[in-house]
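Okay, query-v2.cif is below, mmCIF, C-alpha atoms and all ligand atoms:
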```cif
data_upload
loop_
_atom_site.group_PDB
_atom_site.id
_atom_site.type_symbol
_atom_site.label_atom_id
_atom_site.label_comp_id
_atom_site.auth_asym_id
_atom_site.auth_seq_id
_atom_site.Cartn_x
_atom_site.Cartn_y
_atom_site.Cartn_z
ATOM 1 C CA MET A 82 0.000 0.000 0.000
ATOM 2 C CA LYS A 83 1.167 3.496 -0.796
ATOM 3 C CA HIS A 84 1.170 6.216 1.871
ATOM 4 C CA ILE A 85 -0.975 8.809 0.206
ATOM 5 C CA ASP A 86 -1.067 12.573 0.655
ATOM 6 C CA ILE A 87 -4.257 14.209 -0.584
ATOM 7 C CA ILE A 88 -3.499 17.719 -1.802
ATOM 8 C CA ASN A 89 -6.534 19.929 -2.325
ATOM 9 C CA ALA A 90 -5.696 22.415 -5.082
ATOM 10 C CA CYS A 91 -8.528 24.910 -4.670
ATOM 11 C CA THR A 92 -8.211 27.002 -7.795
ATOM 12 C CA ASP A 93 -10.289 28.177 -10.720
ATOM 13 C CA LEU A 94 -7.856 30.913 -11.737
ATOM 14 C CA GLY A 95 -7.165 29.086 -15.016
ATOM 15 C CA VAL A 96 -10.728 29.212 -16.318
ATOM 16 C CA HIS A 97 -13.347 31.885 -17.103
ATOM 17 C CA VAL A 98 -16.076 30.383 -14.902
ATOM 18 C CA ASN A 99 -16.045 30.003 -11.132
ATOM 19 C CA GLY A 100 -16.694 26.906 -9.079
ATOM 20 C CA ALA A 101 -13.862 24.447 -9.667
ATOM 21 C CA ALA A 102 -12.059 25.928 -6.649
ATOM 22 C CA GLU A 103 -14.845 24.480 -4.468
ATOM 23 C CA GLY A 104 -14.371 21.003 -5.932
ATOM 24 C CA PRO A 105 -11.553 19.621 -3.778
ATOM 25 C CA ILE A 106 -13.062 20.275 -0.346
ATOM 26 C CA ASN A 107 -16.371 18.943 -1.622
ATOM 27 C CA LEU A 108 -14.696 15.664 -2.521
ATOM 28 C CA THR A 109 -12.299 15.223 0.370
ATOM 29 C CA LYS A 110 -13.985 16.672 3.479
ATOM 30 C CA ASN A 111 -15.301 13.319 4.752
ATOM 31 C CA LEU A 112 -12.513 11.205 3.370
ATOM 32 C CA SER A 113 -10.982 8.732 5.776
ATOM 33 C CA HIS A 114 -8.792 5.878 4.606
ATOM 34 C CA SER A 115 -6.120 4.088 6.577
ATOM 35 C CA ASN A 116 -3.533 4.753 3.862
ATOM 36 C CA ILE A 117 -4.015 8.552 3.877
ATOM 37 C CA ASN A 118 -1.003 10.147 5.501
ATOM 38 C CA ASN A 119 -2.117 13.744 5.298
ATOM 39 C CA ILE A 120 -4.691 16.058 3.688
ATOM 40 C CA VAL A 121 -3.258 19.432 2.723
ATOM 41 C CA THR A 122 -5.132 22.374 1.216
ATOM 42 C CA VAL A 123 -3.730 25.076 -1.062
ATOM 43 C CA LYS A 124 -6.053 27.967 -1.826
ATOM 44 C CA TYR A 125 -5.930 31.543 -3.033
ATOM 45 C CA SER A 126 -7.614 34.552 -1.507
ATOM 46 C CA ASN A 127 -8.294 38.222 -2.241
ATOM 47 C CA VAL A 128 -8.030 37.900 -6.004
ATOM 48 C CA VAL A 129 -10.026 39.905 -8.496
ATOM 49 C CA LYS A 130 -10.312 37.454 -11.364
ATOM 50 C CA GLU A 131 -9.651 38.581 -14.937
ATOM 51 C CA TYR A 132 -12.416 37.776 -17.444
ATOM 52 C CA GLN A 133 -11.781 40.094 -20.417
ATOM 53 C CA ASN A 134 -11.705 38.201 -23.703
ATOM 54 C CA ASP A 135 -8.844 40.175 -25.198
ATOM 55 C CA ASN A 136 -6.537 39.227 -22.327
ATOM 56 C CA LYS A 137 -4.538 36.177 -23.437
ATOM 57 C CA LYS A 138 -2.834 35.687 -20.071
ATOM 58 C CA LYS A 139 -5.733 35.738 -17.652
ATOM 59 C CA ASN A 140 -4.691 35.720 -13.989
ATOM 60 C CA LEU A 141 -1.102 34.925 -14.965
ATOM 61 C CA ARG A 142 0.465 36.358 -11.815
ATOM 62 C CA GLU A 143 -2.054 34.683 -9.532
ATOM 63 C CA VAL A 144 -1.822 31.329 -11.306
ATOM 64 C CA ASN A 145 1.937 31.430 -10.823
ATOM 65 C CA LYS A 146 1.632 32.425 -7.184
ATOM 66 C CA PHE A 147 -0.800 29.584 -6.557
ATOM 67 C CA ASN A 148 1.233 27.040 -8.533
ATOM 68 C CA LYS A 149 4.445 27.902 -6.744
ATOM 69 C CA GLN A 150 2.790 27.079 -3.416
ATOM 70 C CA LEU A 151 1.274 23.910 -4.799
ATOM 71 C CA TYR A 152 4.597 22.838 -6.337
ATOM 72 C CA ASN A 153 6.259 23.112 -2.937
ATOM 73 C CA GLU A 154 3.492 21.079 -1.254
ATOM 74 C CA VAL A 155 3.616 18.279 -3.835
ATOM 75 C CA LEU A 156 7.409 18.214 -3.818
ATOM 76 C CA SER A 157 7.545 18.047 -0.035
ATOM 77 C CA SER A 158 5.096 15.110 -0.084
ATOM 78 C CA LEU A 159 7.313 13.325 -2.623
ATOM 79 C CA ASN A 160 10.459 14.099 -0.649
ATOM 80 C CA ASN A 161 8.785 12.490 2.385
ATOM 81 C CA GLU A 162 8.427 9.358 0.212
ATOM 82 C CA LYS A 163 4.652 9.781 0.039
ATOM 83 C CA PHE A 164 2.367 9.390 -2.957
ATOM 84 C CA PRO A 165 0.542 12.647 -3.788
ATOM 85 C CA ILE A 166 -2.964 12.733 -5.257
ATOM 86 C CA THR A 167 -3.712 16.325 -6.205
ATOM 87 C CA ILE A 168 -7.424 17.154 -6.381
ATOM 88 C CA GLY A 169 -8.578 20.088 -8.508
ATOM 89 C CA GLY A 170 -9.439 22.620 -9.278
ATOM 90 C CA ASP A 171 -8.940 23.628 -12.880
ATOM 91 C CA HIS A 172 -6.252 21.884 -14.905
ATOM 92 C CA SER A 173 -3.705 24.745 -14.700
ATOM 93 C CA LEU A 174 -2.755 23.260 -11.305
ATOM 94 C CA ALA A 175 -1.137 20.307 -13.088
ATOM 95 C CA ILE A 176 1.725 22.578 -14.121
ATOM 96 C CA ALA A 177 2.701 22.502 -10.454
ATOM 97 C CA SER A 178 1.903 18.881 -9.593
ATOM 98 C CA ALA A 179 3.455 17.366 -12.733
ATOM 99 C CA LEU A 180 6.609 19.477 -12.571
ATOM 100 C CA ALA A 181 7.038 18.678 -8.860
ATOM 101 C CA SER A 182 6.885 14.993 -9.683
ATOM 102 C CA ILE A 183 9.493 15.187 -12.438
ATOM 103 C CA LYS A 184 11.651 17.337 -10.164
ATOM 104 C CA LYS A 185 11.705 14.400 -7.757
ATOM 105 C CA TYR A 186 12.005 11.551 -10.279
ATOM 106 C CA SER A 187 14.059 13.322 -13.032
ATOM 107 C CA ASN A 188 12.650 11.397 -15.967
ATOM 108 C CA LEU A 189 8.941 10.649 -16.175
ATOM 109 C CA GLY A 190 6.310 10.134 -18.828
ATOM 110 C CA ILE A 191 2.841 11.616 -18.543
ATOM 111 C CA ILE A 192 -0.655 10.433 -19.466
ATOM 112 C CA TRP A 193 -3.174 13.228 -19.828
ATOM 113 C CA PHE A 194 -6.748 11.884 -19.748
ATOM 114 C CA ASP A 195 -8.750 14.784 -21.154
ATOM 115 C CA SER A 196 -11.345 15.739 -23.742
ATOM 116 C CA HIS A 197 -9.177 18.789 -24.517
ATOM 117 C CA GLY A 198 -5.566 19.008 -25.654
ATOM 118 C CA ASP A 199 -4.464 21.624 -23.106
ATOM 119 C CA TYR A 200 -1.665 22.286 -25.598
ATOM 120 C CA ASN A 201 -2.079 25.935 -26.463
ATOM 121 C CA THR A 202 0.581 28.586 -26.067
ATOM 122 C CA PHE A 203 0.115 32.274 -25.290
ATOM 123 C CA ASP A 204 0.295 32.772 -29.066
ATOM 124 C CA THR A 205 -2.343 30.207 -30.035
ATOM 125 C CA THR A 206 -4.835 30.439 -27.160
ATOM 126 C CA ILE A 207 -8.288 31.664 -28.179
ATOM 127 C CA THR A 208 -9.673 32.260 -24.689
ATOM 128 C CA GLY A 209 -6.587 33.243 -22.682
ATOM 129 C CA ASN A 210 -7.646 30.721 -20.038
ATOM 130 C CA ILE A 211 -4.479 29.176 -18.656
ATOM 131 C CA HIS A 212 -6.106 25.755 -18.127
ATOM 132 C CA GLY A 213 -5.779 25.420 -21.918
ATOM 133 C CA LEU A 214 -1.955 25.537 -21.714
ATOM 134 C CA PRO A 215 -0.656 23.232 -18.961
ATOM 135 C CA LEU A 216 0.474 20.252 -21.042
ATOM 136 C CA ALA A 217 2.390 22.580 -23.372
ATOM 137 C CA VAL A 218 4.097 24.125 -20.334
ATOM 138 C CA ILE A 219 4.958 20.780 -18.747
ATOM 139 C CA THR A 220 6.639 19.609 -21.969
ATOM 140 C CA ASN A 221 8.440 22.948 -22.262
ATOM 141 C CA TYR A 222 6.725 23.778 -25.555
ATOM 142 C CA GLU A 223 5.315 26.984 -24.049
ATOM 143 C CA LYS A 224 8.523 28.135 -22.408
ATOM 144 C CA ARG A 225 7.573 31.478 -21.000
ATOM 145 C CA GLU A 226 6.322 32.626 -17.665
ATOM 146 C CA LEU A 227 4.330 29.660 -16.319
ATOM 147 C CA SER A 228 7.127 27.432 -15.048
ATOM 148 C CA GLU A 229 9.499 29.937 -13.496
ATOM 149 C CA PHE A 230 9.294 28.328 -10.052
ATOM 150 C CA HIS A 231 10.649 25.040 -11.437
ATOM 151 C CA ASN A 232 14.297 24.224 -11.997
ATOM 152 C CA GLY A 233 14.489 20.707 -13.277
ATOM 153 C CA ASN A 234 13.601 18.504 -16.203
ATOM 154 C CA PHE A 235 10.474 18.750 -18.297
ATOM 155 C CA TYR A 236 8.413 15.917 -19.778
ATOM 156 C CA LYS A 237 9.567 14.730 -23.169
ATOM 157 C CA PRO A 238 6.898 14.885 -25.879
ATOM 158 C CA GLN A 239 7.792 11.334 -26.941
ATOM 159 C CA ASN A 240 6.706 10.145 -23.468
ATOM 160 C CA THR A 241 3.602 12.341 -23.425
ATOM 161 C CA VAL A 242 0.197 10.882 -24.281
ATOM 162 C CA ILE A 243 -3.272 12.426 -24.392
ATOM 163 C CA VAL A 244 -6.147 9.960 -23.991
ATOM 164 C CA GLY A 245 -9.770 10.751 -24.842
ATOM 165 C CA ALA A 246 -9.360 13.979 -26.796
ATOM 166 C CA ARG A 247 -12.243 15.272 -28.896
ATOM 167 C CA ASP A 248 -12.070 19.043 -28.564
ATOM 168 C CA ILE A 249 -8.672 20.319 -29.721
ATOM 169 C CA ASP A 250 -8.562 23.812 -31.244
ATOM 170 C CA ASP A 251 -8.336 23.591 -35.013
ATOM 171 C CA PRO A 252 -5.873 24.322 -36.552
ATOM 172 C CA LEU A 253 -3.327 25.918 -34.196
ATOM 173 C CA GLU A 254 -3.452 23.637 -31.148
ATOM 174 C CA ILE A 255 -3.448 20.592 -33.443
ATOM 175 C CA GLU A 256 -0.333 21.974 -35.146
ATOM 176 C CA ASN A 257 1.333 22.529 -31.755
ATOM 177 C CA LEU A 258 0.766 18.881 -30.815
ATOM 178 C CA ARG A 259 2.039 17.653 -34.174
ATOM 179 C CA GLU A 260 5.111 19.839 -34.076
ATOM 180 C CA ALA A 261 5.957 18.755 -30.528
ATOM 181 C CA GLY A 262 5.370 15.072 -31.275
ATOM 182 C CA VAL A 263 2.825 14.286 -28.555
ATOM 183 C CA THR A 264 0.764 11.091 -29.020
ATOM 184 C CA VAL A 265 -2.977 11.719 -29.088
ATOM 185 C CA PHE A 266 -5.601 8.986 -28.682
ATOM 186 C CA SER A 267 -9.050 10.381 -29.402
ATOM 187 C CA THR A 268 -12.377 9.556 -27.787
ATOM 188 C CA LYS A 269 -13.132 7.626 -30.998
ATOM 189 C CA ASP A 270 -9.933 5.576 -30.558
ATOM 190 C CA VAL A 271 -11.084 4.701 -27.026
ATOM 191 C CA GLN A 272 -14.570 3.758 -28.243
ATOM 192 C CA GLU A 273 -13.286 1.693 -31.157
ATOM 193 C CA GLN A 274 -10.293 -0.067 -29.613
ATOM 194 C CA GLY A 275 -11.367 -0.232 -25.967
ATOM 195 C CA ALA A 276 -10.451 1.913 -22.983
ATOM 196 C CA ASP A 277 -8.174 -0.757 -21.499
ATOM 197 C CA VAL A 278 -6.302 -1.294 -24.782
ATOM 198 C CA ILE A 279 -5.719 2.436 -25.322
ATOM 199 C CA THR A 280 -4.703 3.022 -21.693
ATOM 200 C CA LYS A 281 -2.206 0.150 -21.893
ATOM 201 C CA LYS A 282 -0.775 1.631 -25.104
ATOM 202 C CA ALA A 283 -0.508 4.998 -23.362
ATOM 203 C CA PHE A 284 1.450 3.411 -20.509
ATOM 204 C CA GLU A 285 3.826 1.720 -22.952
ATOM 205 C CA ILE A 286 4.638 5.080 -24.557
ATOM 206 C CA ALA A 287 4.837 7.039 -21.296
ATOM 207 C CA SER A 288 6.997 4.474 -19.506
ATOM 208 C CA ASN A 289 9.423 3.836 -22.359
ATOM 209 C CA ASN A 290 12.903 4.647 -20.967
ATOM 210 C CA THR A 291 11.488 6.669 -18.061
ATOM 211 C CA ASN A 292 11.500 6.244 -14.263
ATOM 212 C CA GLY A 293 7.717 6.225 -14.039
ATOM 213 C CA VAL A 294 4.535 7.995 -15.053
ATOM 214 C CA HIS A 295 2.509 10.972 -13.831
ATOM 215 C CA VAL A 296 -1.232 10.535 -14.453
ATOM 216 C CA SER A 297 -3.440 13.594 -14.886
ATOM 217 C CA PHE A 298 -7.150 12.736 -15.068
ATOM 218 C CA ASP A 299 -9.549 15.457 -16.188
ATOM 219 C CA ILE A 300 -13.107 14.454 -15.350
ATOM 220 C CA ASP A 301 -14.400 16.288 -18.465
ATOM 221 C CA LEU A 302 -13.151 13.260 -20.376
ATOM 222 C CA ILE A 303 -16.448 11.600 -19.429
ATOM 223 C CA ASP A 304 -19.584 12.481 -21.388
ATOM 224 C CA PRO A 305 -21.158 15.615 -19.861
ATOM 225 C CA LYS A 306 -24.570 13.925 -19.927
ATOM 226 C CA ILE A 307 -23.135 11.513 -17.359
ATOM 227 C CA ALA A 308 -20.783 13.963 -15.590
ATOM 228 C CA PRO A 309 -22.141 17.504 -16.088
ATOM 229 C CA GLY A 310 -20.212 19.096 -13.213
ATOM 230 C CA VAL A 311 -17.290 20.481 -15.205
ATOM 231 C CA SER A 312 -16.315 23.991 -16.325
ATOM 232 C CA VAL A 313 -15.853 23.343 -20.059
ATOM 233 C CA PRO A 314 -17.971 20.365 -21.193
ATOM 234 C CA ALA A 315 -17.261 18.662 -24.535
ATOM 235 C CA THR A 316 -20.145 16.591 -25.941
ATOM 236 C CA SER A 317 -20.034 12.884 -26.846
ATOM 237 C CA GLY A 318 -17.492 11.684 -24.324
ATOM 238 C CA ILE A 319 -16.657 8.278 -22.971
ATOM 239 C CA ASN A 320 -19.075 6.340 -20.790
ATOM 240 C CA LEU A 321 -18.665 5.151 -17.195
ATOM 241 C CA ASP A 322 -17.645 1.646 -18.163
ATOM 242 C CA GLU A 323 -14.788 3.082 -20.240
ATOM 243 C CA ALA A 324 -13.734 5.444 -17.437
ATOM 244 C CA ASN A 325 -13.684 2.516 -14.997
ATOM 245 C CA LYS A 326 -11.533 0.469 -17.348
ATOM 246 C CA MET A 327 -9.056 3.342 -17.494
ATOM 247 C CA ILE A 328 -8.921 3.575 -13.705
ATOM 248 C CA GLU A 329 -8.514 -0.210 -13.405
ATOM 249 C CA THR A 330 -5.616 -0.109 -15.864
ATOM 250 C CA ILE A 331 -4.006 2.750 -13.923
ATOM 251 C CA ILE A 332 -4.317 0.634 -10.759
ATOM 252 C CA LYS A 333 -2.702 -2.348 -12.515
ATOM 253 C CA LYS A 334 0.236 -0.058 -13.338
ATOM 254 C CA LYS A 335 0.530 1.289 -9.798
ATOM 255 C CA ASN A 336 4.156 0.282 -9.497
ATOM 256 C CA ILE A 337 5.166 2.773 -12.167
ATOM 257 C CA VAL A 338 2.642 5.519 -11.343
ATOM 258 C CA LYS A 339 4.384 8.168 -9.220
ATOM 259 C CA SER A 340 1.675 10.789 -8.757
ATOM 260 C CA VAL A 341 -1.915 11.472 -9.814
ATOM 261 C CA ASP A 342 -4.144 14.488 -10.457
ATOM 262 C CA LEU A 343 -7.944 14.362 -10.468
ATOM 263 C CA VAL A 344 -9.153 17.684 -11.832
ATOM 264 C CA GLU A 345 -11.914 19.939 -13.178
ATOM 265 C CA TYR A 346 -14.812 18.786 -10.994
ATOM 266 C CA ASN A 347 -16.986 21.891 -10.723
ATOM 267 C CA PRO A 348 -19.815 21.524 -8.166
ATOM 268 C CA SER A 349 -21.568 24.688 -9.471
ATOM 269 C CA PHE A 350 -22.507 22.891 -12.684
ATOM 270 C CA ASP A 351 -23.259 19.495 -11.197
ATOM 271 C CA ILE A 352 -26.752 17.992 -11.391
ATOM 272 C CA ASP A 353 -27.957 15.778 -8.515
ATOM 273 C CA ASN A 354 -24.332 15.211 -7.448
ATOM 274 C CA LYS A 355 -23.805 12.971 -10.494
ATOM 275 C CA THR A 356 -20.257 14.156 -11.105
ATOM 276 C CA LYS A 357 -19.385 14.230 -7.428
ATOM 277 C CA ILE A 358 -20.387 10.571 -7.084
ATOM 278 C CA ILE A 359 -18.249 9.616 -10.104
ATOM 279 C CA ALA A 360 -15.244 11.572 -8.850
ATOM 280 C CA MET A 361 -15.621 10.056 -5.360
ATOM 281 C CA ASN A 362 -15.782 6.568 -6.860
ATOM 282 C CA ILE A 363 -12.583 7.184 -8.797
ATOM 283 C CA LEU A 364 -10.843 8.576 -5.736
ATOM 284 C CA ASN A 365 -12.012 5.718 -3.493
ATOM 285 C CA LYS A 366 -10.876 3.141 -6.046
ATOM 286 C CA LEU A 367 -7.417 4.691 -6.100
ATOM 287 C CA LEU A 368 -7.278 4.863 -2.288
ATOM 288 C CA ASN A 369 -8.488 1.274 -1.882
ATOM 289 C CA ASN A 370 -6.101 -0.198 -4.415
ATOM 290 C CA PHE A 371 -2.958 1.917 -4.461
HETATM 291 MN MN MN A 401 -7.800 19.559 -18.971
#
```

Just dump the structure as structure tokens.
Amino acid sequence: MKHIDIINACTDLGVHVNGAAEGPINLTKNLSHSNINNIVTVKYSNVVKEYQNDNKKKNLREVNKFNKQLYNEVLSSLNNEKFPITIGGDHSLAIASALASIKKYSNLGIIWFDSHGDYNTFDTTITGNIHGLPLAVITNYEKRELSEFHNGNFYKPQNTVIVGARDIDDPLEIENLREAGVTVFSTKDVQEQGADVITKKAFEIASNNTNGVHVSFDIDLIDPKIAPGVSVPATSGINLDEANKMIETIIKKKNIVKSVDLVEYNPSFDIDNKTKIIAMNILNKLLNNF
């Protein structure tokens, strides 16, 4: 059994709608498992959020301030030989959690379960929402301004895999991914070949000549009819059976998984706690089996 630190990353600074910052506490307040070492909370306060459409770097300073704190929390968990599960929060937080993990382990691959690519740069972003950039930052494709708190390696694009994508900005974000050389498995690939098959393939790519894998699971991967409580829903997603197969495959690979994010649950958009129940099930499965 792993000794797990739960790290609540209470942020929605990376997205134009509020609510994801309330997600972590909602999911973890009554959590009690024998293998939880500690529950830590990182939050921001006194911020006037930036919403203007012409601003392509919304809340940049605040995102960095938040991520620097989060990076230090995740790194200190890893340095105490614990296994961090970072609960979001919008996906910009993964800049901190993923970079902290590769700081500790030097050479990791990453699997990004997401309906979006999260591979924009400040030049290609349409919205200016920083949760559309994190994977590009983590692979050092977007080199400016969002990773200044990190001195260490970045993830190599050849060990970087997106699983479940169906809403990647055409054409610029697609070109970014192609130019970088990131592997993308679409929602259609998952539906046609099977969630377990695709997840296994993703692990082969991410673990090839690396010391392990960071897993970042964005709940908006799941069809919003099933899991509506997310900030930026993308229609026609995977079903629950497919999501469960992914989680089961992640559990089978637990010896090479070094850290996990579970992100983008937004209670403000949830209906009858549907998404909360799904996120809790995922979290409990990880806690029971890791
Ligand atoms: Mn995402």

Using only C-alpha atoms and all ligand atoms, which residues of chain A come within 10 Å of ligand MN 401 (chain A), and what is the closest atom pair for each, with the distance in Å to one decimal? Give it as JSON lines, sorted by chain and residue number.
```
{"residue": "A:Asp171", "atom": "CA", "partner": "A:MN401", "partner_atom": "MN", "distance": 7.4}
{"residue": "A:His172", "atom": "CA", "partner": "A:MN401", "partner_atom": "MN", "distance": 4.9}
{"residue": "A:Ser173", "atom": "CA", "partner": "A:MN401", "partner_atom": "MN", "distance": 7.9}
{"residue": "A:Leu174", "atom": "CA", "partner": "A:MN401", "partner_atom": "MN", "distance": 9.9}
{"residue": "A:Ala175", "atom": "CA", "partner": "A:MN401", "partner_atom": "MN", "distance": 8.9}
{"residue": "A:Trp193", "atom": "CA", "partner": "A:MN401", "partner_atom": "MN", "distance": 7.9}
{"residue": "A:Phe194", "atom": "CA", "partner": "A:MN401", "partner_atom": "MN", "distance": 7.8}
{"residue": "A:Asp195", "atom": "CA", "partner": "A:MN401", "partner_atom": "MN", "distance": 5.3}
{"residue": "A:Ser196", "atom": "CA", "partner": "A:MN401", "partner_atom": "MN", "distance": 7.1}
{"residue": "A:His197", "atom": "CA", "partner": "A:MN401", "partner_atom": "MN", "distance": 5.8}
{"residue": "A:Gly198", "atom": "CA", "partner": "A:MN401", "partner_atom": "MN", "distance": 7.1}
{"residue": "A:Asp199", "atom": "CA", "partner": "A:MN401", "partner_atom": "MN", "distance": 5.7}
{"residue": "A:Tyr200", "atom": "CA", "partner": "A:MN401", "partner_atom": "MN", "distance": 9.4}
{"residue": "A:His212", "atom": "CA", "partner": "A:MN401", "partner_atom": "MN", "distance": 6.5}
{"residue": "A:Gly213", "atom": "CA", "partner": "A:MN401", "partner_atom": "MN", "distance": 6.9}
{"residue": "A:Leu214", "atom": "CA", "partner": "A:MN401", "partner_atom": "MN", "distance": 8.8}
{"residue": "A:Pro215", "atom": "CA", "partner": "A:MN401", "partner_atom": "MN", "distance": 8.0}
{"residue": "A:Leu216", "atom": "CA", "partner": "A:MN401", "partner_atom": "MN", "distance": 8.6}
{"residue": "A:Ala246", "atom": "CA", "partner": "A:MN401", "partner_atom": "MN", "distance": 9.7}
{"residue": "A:Ser297", "atom": "CA", "partner": "A:MN401", "partner_atom": "MN", "distance": 8.4}
{"residue": "A:Phe298", "atom": "CA", "partner": "A:MN401", "partner_atom": "MN", "distance": 7.9}
{"residue": "A:Asp299", "atom": "CA", "partner": "A:MN401", "partner_atom": "MN", "distance": 5.3}
{"residue": "A:Ile300", "atom": "CA", "partner": "A:MN401", "partner_atom": "MN", "distance": 8.2}
{"residue": "A:Asp301", "atom": "CA", "partner": "A:MN401", "partner_atom": "MN", "distance": 7.4}
{"residue": "A:Leu302", "atom": "CA", "partner": "A:MN401", "partner_atom": "MN", "distance": 8.4}
{"residue": "A:Ser312", "atom": "CA", "partner": "A:MN401", "partner_atom": "MN", "distance": 10.0}
{"residue": "A:Val313", "atom": "CA", "partner": "A:MN401", "partner_atom": "MN", "distance": 9.0}
{"residue": "A:Leu343", "atom": "CA", "partner": "A:MN401", "partner_atom": "MN", "distance": 10.0}
{"residue": "A:Val344", "atom": "CA", "partner": "A:MN401", "partner_atom": "MN", "distance": 7.5}
{"residue": "A:Glu345", "atom": "CA", "partner": "A:MN401", "partner_atom": "MN", "distance": 7.1}
```

Ground truth for the PyMOL selection byres (((chain A and resi 248-260) around 12) and not hetatm), written as a CSV table (one decimal) with C-alpha atoms, in the frame of the given file:
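Output contents, as saved in expr09.csv:
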```csv
chain,number,residue,atom,x,y,z
A,195,ASP,CA,-8.8,14.8,-21.2
A,196,SER,CA,-11.3,15.7,-23.7
A,197,HIS,CA,-9.2,18.8,-24.5
A,198,GLY,CA,-5.6,19.0,-25.7
A,199,ASP,CA,-4.5,21.6,-23.1
A,200,TYR,CA,-1.7,22.3,-25.6
A,201,ASN,CA,-2.1,25.9,-26.5
A,202,THR,CA,0.6,28.6,-26.1
A,203,PHE,CA,0.1,32.3,-25.3
A,204,ASP,CA,0.3,32.8,-29.1
A,205,THR,CA,-2.3,30.2,-30.0
A,206,THR,CA,-4.8,30.4,-27.2
A,207,ILE,CA,-8.3,31.7,-28.2
A,208,THR,CA,-9.7,32.3,-24.7
A,213,GLY,CA,-5.8,25.4,-21.9
A,214,LEU,CA,-2.0,25.5,-21.7
A,216,LEU,CA,0.5,20.3,-21.0
A,217,ALA,CA,2.4,22.6,-23.4
A,218,VAL,CA,4.1,24.1,-20.3
A,220,THR,CA,6.6,19.6,-22.0
A,221,ASN,CA,8.4,22.9,-22.3
A,222,TYR,CA,6.7,23.8,-25.6
A,223,GLU,CA,5.3,27.0,-24.0
A,238,PRO,CA,6.9,14.9,-25.9
A,239,GLN,CA,7.8,11.3,-26.9
A,241,THR,CA,3.6,12.3,-23.4
A,242,VAL,CA,0.2,10.9,-24.3
A,243,ILE,CA,-3.3,12.4,-24.4
A,244,VAL,CA,-6.1,10.0,-24.0
A,245,GLY,CA,-9.8,10.8,-24.8
A,246,ALA,CA,-9.4,14.0,-26.8
A,247,ARG,CA,-12.2,15.3,-28.9
A,261,ALA,CA,6.0,18.8,-30.5
A,262,GLY,CA,5.4,15.1,-31.3
A,263,VAL,CA,2.8,14.3,-28.6
A,264,THR,CA,0.8,11.1,-29.0
A,265,VAL,CA,-3.0,11.7,-29.1
A,266,PHE,CA,-5.6,9.0,-28.7
A,267,SER,CA,-9.0,10.4,-29.4
A,268,THR,CA,-12.4,9.6,-27.8
A,269,LYS,CA,-13.1,7.6,-31.0
A,301,ASP,CA,-14.4,16.3,-18.5
A,302,LEU,CA,-13.2,13.3,-20.4
A,313,VAL,CA,-15.9,23.3,-20.1
A,314,PRO,CA,-18.0,20.4,-21.2
A,315,ALA,CA,-17.3,18.7,-24.5
A,316,THR,CA,-20.1,16.6,-25.9
A,317,SER,CA,-20.0,12.9,-26.8
A,318,GLY,CA,-17.5,11.7,-24.3
```

Interatomic distance (Å, one decimal) between atom CA of Ile303 of chain A and atom CA of Pro348 of chain A:
15.4 Å

Which residues are near Glu323 of chain A? Cut-off 8 Å, all atoms listed in the file, ignore same chain within fewer than 4 positions. Put them as a ChimeraX atom specification.
/A:271,275-277,319,327

Of A:Asn188, A:Asn99, A:Asn325, A:Ser340, the one nearest to Asn292 of chain A when counting all atoms listed in the file is A:Asn188

Under the PyMOL selection byres (((chain A and resi 104) around 10) and not hetatm), which residues of this model are included? Write them out as number ranges by chain.
A: 89-93, 100-103, 105-109, 168-171, 310-311, 344-349, 357, 360

Could you tell me which residues the PyMOL selection byres (((chain A and resi 82) around 8) and not hetatm) grabs in this file, written as a ChimeraX atom specification?
/A:83-84,116,370-371

For Ile219 of chain A, which residue out of A:Lys237, A:Lys138, A:Lys281, A:His114 is the nearest one, using all atoms listed in the file?
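Distance minimum relative to Ile219 of chain A lands on A:Lys237.
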
If you count only C-alpha atoms, which residues fall within 9 Å of Phe230 of chain A, apart from same-chain ones fewer than 3 positions away, as a VMD selection string?
chain A and resid 145 148 to 149 152 177 227

Best match for closeness to Lys185 of chain A among A:Val296, A:Ala308, A:Leu156, A:Leu94, counting only C-alpha atoms
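Looking only at the distances to Lys185 of chain A, the closest residue turns out to be A:Leu156.
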
Each side padded by 3 Å, which centre and which edge lengths in Å (one decimal) define the axis-aligned box around the listed atoms of segment 300-305 of chain A? Give them as lines of an AutoDock Vina configuration file.
```
center_x = -17.1
center_y = 13.9
center_z = -18.4
size_x = 14.1
size_y = 10.7
size_z = 12.0
```

Pick from A:Ala324, A:Glu285, A:Val338, A:Lys306 nearest to Asn362 of chain A, counting all atoms listed in the file:
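Of all the options, A:Ala324 lies closest to Asn362 of chain A.
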